[in-house]
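Structure file structure_2.txt (compact mmCIF, C-alpha atoms) is printed below.
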# COMPACT_ATOMS: atom_id res chain seq x y z
CA MET T 24 48.06 14.89 37.44
CA PRO T 25 49.09 11.48 36.19
CA THR T 26 51.38 11.73 33.20
CA GLY T 27 50.18 10.01 30.06
CA HIS T 28 46.52 9.84 30.99
CA SER T 29 43.74 11.98 29.66
CA PRO T 30 40.98 12.07 30.51
CA ALA T 31 41.19 10.07 33.74
CA ALA T 32 38.63 9.79 36.48
CA THR T 33 39.75 9.36 40.06
CA GLY T 34 37.97 9.16 43.35
CA GLY T 35 34.80 7.21 43.70
CA GLY T 36 33.89 9.14 46.85
CA GLU T 37 31.97 12.34 47.21
CA GLN T 38 34.38 14.36 45.04
CA GLU T 39 35.23 12.31 41.97
CA ALA T 40 37.77 14.14 39.79
CA LEU T 41 38.27 14.26 36.04
CA LEU T 42 41.88 15.06 35.04
CA MET T 43 43.13 16.23 31.64
CA ASP T 44 46.13 18.07 30.25
CA SER T 45 47.20 19.83 27.08
CA VAL T 46 49.66 17.12 26.12
CA TYR T 47 46.86 14.60 25.48
CA THR T 48 43.70 16.72 25.18
CA ASP T 49 42.52 19.70 23.16
CA ILE T 50 39.81 22.15 24.19
CA GLY T 51 37.06 20.31 22.31
CA GLN T 52 37.96 16.96 23.89
CA ALA T 53 38.12 18.60 27.31
CA ARG T 54 34.63 20.07 26.90
CA LYS T 55 33.21 16.74 25.76
CA ALA T 56 34.79 14.83 28.67
CA VAL T 57 33.54 17.40 31.20
CA GLU T 58 30.07 17.31 29.69
CA GLU T 59 29.89 13.51 29.95
CA HIS T 60 31.33 13.54 33.49
CA LEU T 61 28.93 16.15 34.85
CA ALA T 62 25.83 14.94 33.00
CA ARG T 63 26.32 11.62 34.75
CA ASP T 64 27.20 12.92 38.23
CA CYS T 65 25.80 16.47 38.66
CA ALA T 66 22.47 17.01 36.97
CA TRP T 67 21.83 20.05 39.21
CA VAL T 68 24.64 22.21 37.78
CA ASP T 69 24.25 24.64 34.85
CA LEU T 70 26.15 22.49 32.36
CA THR T 71 26.18 25.19 29.68
CA GLY T 72 27.83 27.62 32.10
CA VAL T 73 30.40 25.07 33.24
CA LEU T 74 31.35 24.22 29.65
CA LEU T 75 31.69 27.91 28.79
CA VAL T 76 34.00 28.37 31.80
CA VAL T 77 36.09 25.35 30.76
CA SER T 78 36.44 26.85 27.28
CA GLU T 79 37.39 30.30 28.58
CA LEU T 80 39.90 29.13 31.20
CA VAL T 81 41.59 26.60 28.90
CA THR T 82 41.70 29.14 26.05
CA ASN T 83 43.28 31.72 28.37
CA ALA T 84 45.90 29.19 29.51
CA GLN T 85 46.63 28.22 25.94
CA ARG T 86 46.85 31.82 24.75
CA HIS T 87 48.71 33.41 27.67
CA ALA T 88 50.70 30.55 29.23
CA ARG T 89 52.51 29.06 26.27
CA GLY T 90 49.85 26.44 25.65
CA LYS T 91 50.52 24.04 28.54
CA TRP T 92 47.62 23.49 30.91
CA GLN T 93 46.05 20.96 33.23
CA LEU T 94 42.31 20.71 33.87
CA ARG T 95 40.81 19.16 36.98
CA VAL T 96 37.05 18.88 37.49
CA GLN T 97 35.70 17.72 40.83
CA ALA T 98 32.05 16.79 40.95
CA GLY T 99 30.03 16.08 44.05
CA PRO T 100 26.47 16.27 45.25
CA TYR T 101 26.90 19.82 46.59
CA ARG T 102 29.75 21.38 44.58
CA VAL T 103 31.41 21.38 41.16
CA ARG T 104 34.96 22.73 40.99
CA VAL T 105 36.83 23.46 37.75
CA GLU T 106 40.56 24.19 38.01
CA VAL T 107 42.89 25.08 35.16
CA THR T 108 46.58 25.18 36.07
CA ASP T 109 49.39 26.58 33.94
CA SER T 110 53.09 27.31 34.42
CA VAL T 111 52.91 31.13 34.50
CA PRO T 112 52.91 32.33 38.12
CA LEU T 113 51.51 35.78 37.29
CA PRO T 114 47.81 36.32 37.92
CA PRO T 115 45.68 37.15 34.87
CA ARG T 116 45.61 40.75 33.78
CA TRP T 117 42.10 42.18 33.72
CA ARG T 118 41.60 44.29 30.64
CA PRO T 119 38.63 45.90 28.96
CA GLY T 120 36.73 43.74 26.51
CA LYS T 121 36.93 44.87 22.91
CA LEU T 122 34.51 44.17 20.09
CA ASP T 123 37.35 43.82 17.55
CA GLY T 124 38.03 40.17 18.43
CA SER T 125 41.17 40.88 20.46
CA GLY T 126 39.66 39.52 23.69
CA GLY T 127 39.30 40.82 27.19
CA TRP T 128 35.96 39.11 27.88
CA GLY T 129 36.97 35.68 29.21
CA LEU T 130 37.40 36.39 32.92
CA ARG T 131 34.23 38.47 32.99
CA ILE T 132 32.33 35.59 31.42
CA VAL T 133 33.78 33.17 33.99
CA GLU T 134 32.78 35.49 36.86
CA GLN T 135 29.22 35.67 35.53
CA CYS T 136 28.85 31.91 35.04
CA ALA T 137 30.47 30.55 38.23
CA ASP T 138 29.44 31.13 41.84
CA THR T 139 33.07 31.88 42.74
CA LEU T 140 36.36 32.47 40.93
CA GLU T 141 39.74 32.30 42.66
CA VAL T 142 43.30 32.76 41.42
CA LEU T 143 45.88 30.68 43.29
CA THR T 144 49.51 31.52 42.51
CA SER T 145 52.80 29.86 43.42
CA ALA T 146 56.38 29.89 42.14
CA ARG T 147 55.45 26.97 39.83
CA GLY T 148 52.42 28.60 38.19
CA LYS T 149 48.81 29.51 38.83
CA THR T 150 45.48 27.80 39.15
CA MET T 151 42.22 29.42 38.12
CA ARG T 152 39.47 27.85 40.26
CA ALA T 153 35.78 28.28 39.45
CA GLN T 154 33.09 26.73 41.63
CA TRP T 155 29.36 26.13 41.54
CA LEU T 156 27.47 25.32 44.74
CA HIS T 157 24.27 23.31 44.82
CA PRO T 158 21.27 25.64 45.16
CA ASP T 159 20.23 23.79 48.33
CA ARG T 160 23.74 24.37 49.84
CA SER T 161 22.72 22.45 52.93
CA GLY T 162 25.23 19.68 52.34
CA PRO T 163 28.29 18.91 54.41
CA SER T 164 31.17 21.38 54.71
CA LEU T 165 32.59 22.21 51.27
CA ALA T 166 36.19 23.01 52.25
Represent the supplied structure as structure tokens.
Amino acid sequence: MPTGHSPAATGGGEQEALLMDSVYTDIGQARKAVEEHLARDCAWVDLTGVLLVVSELVTNAQRHARGKWQLRVQAGPYRVRVEVTDSVPLPPRWRPGKLDGSGGWGLRIVEQCADTLEVLTSARGKTMRAQWLHPDRSGPSLA
């Protein structure tokens, strides 16, 4: 992620990316930038679901990873990918949702909204990756 830029769009090809981080962007600004980016480039995707996933993943990173996060959104004709990266290498802990406001619902919400959810870990941190595939799914390989 470029330092000092948020939001920034890169690409221009099939998978144009929107990049943001917690140093320059808050959750509300991130949602607005994603909404504008996808409304322009991916009318087929469930925008409400994507924005809910952005909110949940960024909130989790802010709450459980000392507040530092990076958001990358790739938009193409056949796939939307949302990635939130933080500096904590441990995968998220799944816990039961509670109605007392203490949480436990975020990852379940993400799983229900996205077509896929992956957790990628390394010594430097983790990335939560949610993806939506075009309903037609007959596009080129989506590696």
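Residues in contact with range 143-154 of chain T at up to 8 Å, not including ones fewer than 6 positions away on its chain and judged by all atoms listed in the file, are Val76, Leu80, Arg102, Val103, Arg104, Val105, Glu106, Val107, Thr108, Asp109, Ser110, Val111, Pro112, Leu113, Pro114, Val133 and Ala137 of chain T.
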Which residues, written as an MDAnalysis selection string, have at least one atom at most 12 Å from Ala62 in chain T, with all atoms listed in the file counted and residues fewer than 3 positions away on the same chain left out? chainID T and resid 54:59 65:71 73:74 98:99 103
A straight line from CA of Gln135 in chain T to CA of Met43 in chain T spans 24.2 Å
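The gap separating CA of Ala53 in chain T from CA of Tyr101 in chain T is 22.3 Å, in Å to one decimal.
Reported to one decimal place, the separation of CA of Leu42 in chain T from CA of Val96 in chain T is 6.6 Å.
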Inset, instruction - May I have the residues within 10 Å of Gln85 in chain T as a PyMOL selection string, using all atoms listed in the file and disregarding those fewer than 4 positions away in the same chain? - result: chain T and resi 45+49-50+79-81+89-92+109
Next on the checklist: Quick one: residues within 10 Å of Trp128 in chain T, all atoms listed in the file, excluding same-chain residues fewer than 6 positions away - as a list in words?
Outcome noted: Glu79, Trp117, Arg118, Pro119, Gly120, Lys121 and Leu122 of chain T
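Using all atoms listed in the file, the shortest contact distance between His157 in chain T and any of T:Pro100, T:Leu41, T:Gly129, T:Pro115 is found at T:Pro100.
Ranking T:Leu75, T:Leu94, T:Val142, T:Ala40 by their shortest atom-to-atom distance to Arg116 in chain T, with all atoms listed in the file included, puts T:Val142 first.
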Can you rebuild range 44-64 of chain T with N, CA, C and O atoms and give it as an mmCIF file, in the coordinates of the input?
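File out08.cif, as written:
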data_model
loop_
_atom_site.group_PDB
_atom_site.id
_atom_site.type_symbol
_atom_site.label_atom_id
_atom_site.label_comp_id
_atom_site.auth_asym_id
_atom_site.auth_seq_id
_atom_site.Cartn_x
_atom_site.Cartn_y
_atom_site.Cartn_z
ATOM 1 N N ASP T 44 45.085 17.070 30.483
ATOM 2 C CA ASP T 44 46.130 18.070 30.250
ATOM 3 C C ASP T 44 46.322 18.304 28.765
ATOM 4 O O ASP T 44 45.844 17.563 27.924
ATOM 5 N N SER T 45 47.042 19.386 28.467
ATOM 6 C CA SER T 45 47.200 19.830 27.080
ATOM 7 C C SER T 45 48.058 18.908 26.244
ATOM 8 O O SER T 45 48.024 18.975 25.022
ATOM 9 N N VAL T 46 48.819 18.046 26.869
ATOM 10 C CA VAL T 46 49.660 17.120 26.120
ATOM 11 C C VAL T 46 48.794 16.088 25.398
ATOM 12 O O VAL T 46 49.085 15.686 24.276
ATOM 13 N N TYR T 47 47.694 15.676 26.021
ATOM 14 C CA TYR T 47 46.860 14.600 25.480
ATOM 15 C C TYR T 47 45.454 15.031 25.087
ATOM 16 O O TYR T 47 44.689 14.229 24.569
ATOM 17 N N THR T 48 45.082 16.282 25.356
ATOM 18 C CA THR T 48 43.700 16.720 25.180
ATOM 19 C C THR T 48 43.661 18.107 24.567
ATOM 20 O O THR T 48 44.423 18.972 24.964
ATOM 21 N N ASP T 49 42.743 18.333 23.637
ATOM 22 C CA ASP T 49 42.520 19.700 23.160
ATOM 23 C C ASP T 49 41.256 20.244 23.810
ATOM 24 O O ASP T 49 40.583 19.543 24.572
ATOM 25 N N ILE T 50 40.938 21.491 23.529
ATOM 26 C CA ILE T 50 39.810 22.150 24.190
ATOM 27 C C ILE T 50 38.495 21.416 23.899
ATOM 28 O O ILE T 50 37.686 21.215 24.796
ATOM 29 N N GLY T 51 38.288 21.016 22.669
ATOM 30 C CA GLY T 51 37.060 20.310 22.310
ATOM 31 C C GLY T 51 36.908 18.994 23.051
ATOM 32 O O GLY T 51 35.825 18.659 23.547
ATOM 33 N N GLN T 52 37.994 18.229 23.150
ATOM 34 C CA GLN T 52 37.960 16.960 23.890
ATOM 35 C C GLN T 52 37.714 17.204 25.371
ATOM 36 O O GLN T 52 36.992 16.446 26.019
ATOM 37 N N ALA T 53 38.311 18.266 25.897
ATOM 38 C CA ALA T 53 38.120 18.600 27.310
ATOM 39 C C ALA T 53 36.647 18.913 27.581
ATOM 40 O O ALA T 53 36.056 18.413 28.545
ATOM 41 N N ARG T 54 36.050 19.729 26.732
ATOM 42 C CA ARG T 54 34.630 20.070 26.900
ATOM 43 C C ARG T 54 33.753 18.825 26.860
ATOM 44 O O ARG T 54 32.854 18.655 27.680
ATOM 45 N N LYS T 55 34.015 17.955 25.898
ATOM 46 C CA LYS T 55 33.210 16.740 25.760
ATOM 47 C C LYS T 55 33.338 15.836 26.987
ATOM 48 O O LYS T 55 32.352 15.321 27.505
ATOM 49 N N ALA T 56 34.564 15.667 27.486
ATOM 50 C CA ALA T 56 34.790 14.830 28.670
ATOM 51 C C ALA T 56 34.111 15.432 29.901
ATOM 52 O O ALA T 56 33.495 14.709 30.696
ATOM 53 N N VAL T 57 34.198 16.739 30.065
ATOM 54 C CA VAL T 57 33.540 17.400 31.200
ATOM 55 C C VAL T 57 32.033 17.250 31.085
ATOM 56 O O VAL T 57 31.347 16.955 32.069
ATOM 57 N N GLU T 58 31.510 17.451 29.898
ATOM 58 C CA GLU T 58 30.070 17.310 29.690
ATOM 59 C C GLU T 58 29.588 15.918 30.087
ATOM 60 O O GLU T 58 28.601 15.764 30.825
ATOM 61 N N GLU T 59 30.280 14.886 29.626
ATOM 62 C CA GLU T 59 29.890 13.510 29.950
ATOM 63 C C GLU T 59 30.020 13.253 31.452
ATOM 64 O O GLU T 59 29.154 12.619 32.059
ATOM 65 N N HIS T 60 31.076 13.737 32.059
ATOM 66 C CA HIS T 60 31.330 13.540 33.490
ATOM 67 C C HIS T 60 30.239 14.191 34.335
ATOM 68 O O HIS T 60 29.688 13.565 35.242
ATOM 69 N N LEU T 61 29.900 15.433 34.032
ATOM 70 C CA LEU T 61 28.930 16.150 34.850
ATOM 71 C C LEU T 61 27.492 15.726 34.558
ATOM 72 O O LEU T 61 26.662 15.709 35.467
ATOM 73 N N ALA T 62 27.188 15.392 33.329
ATOM 74 C CA ALA T 62 25.830 14.940 33.000
ATOM 75 C C ALA T 62 25.503 13.678 33.793
ATOM 76 O O ALA T 62 24.359 13.487 34.227
ATOM 77 N N ARG T 63 26.505 12.881 34.012
ATOM 78 C CA ARG T 63 26.320 11.620 34.750
ATOM 79 C C ARG T 63 26.230 11.872 36.252
ATOM 80 O O ARG T 63 25.441 11.247 36.939
ATOM 81 N N ASP T 64 27.047 12.800 36.782
ATOM 82 C CA ASP T 64 27.200 12.920 38.230
ATOM 83 C C ASP T 64 26.577 14.160 38.858
ATOM 84 O O ASP T 64 26.409 14.199 40.067
#
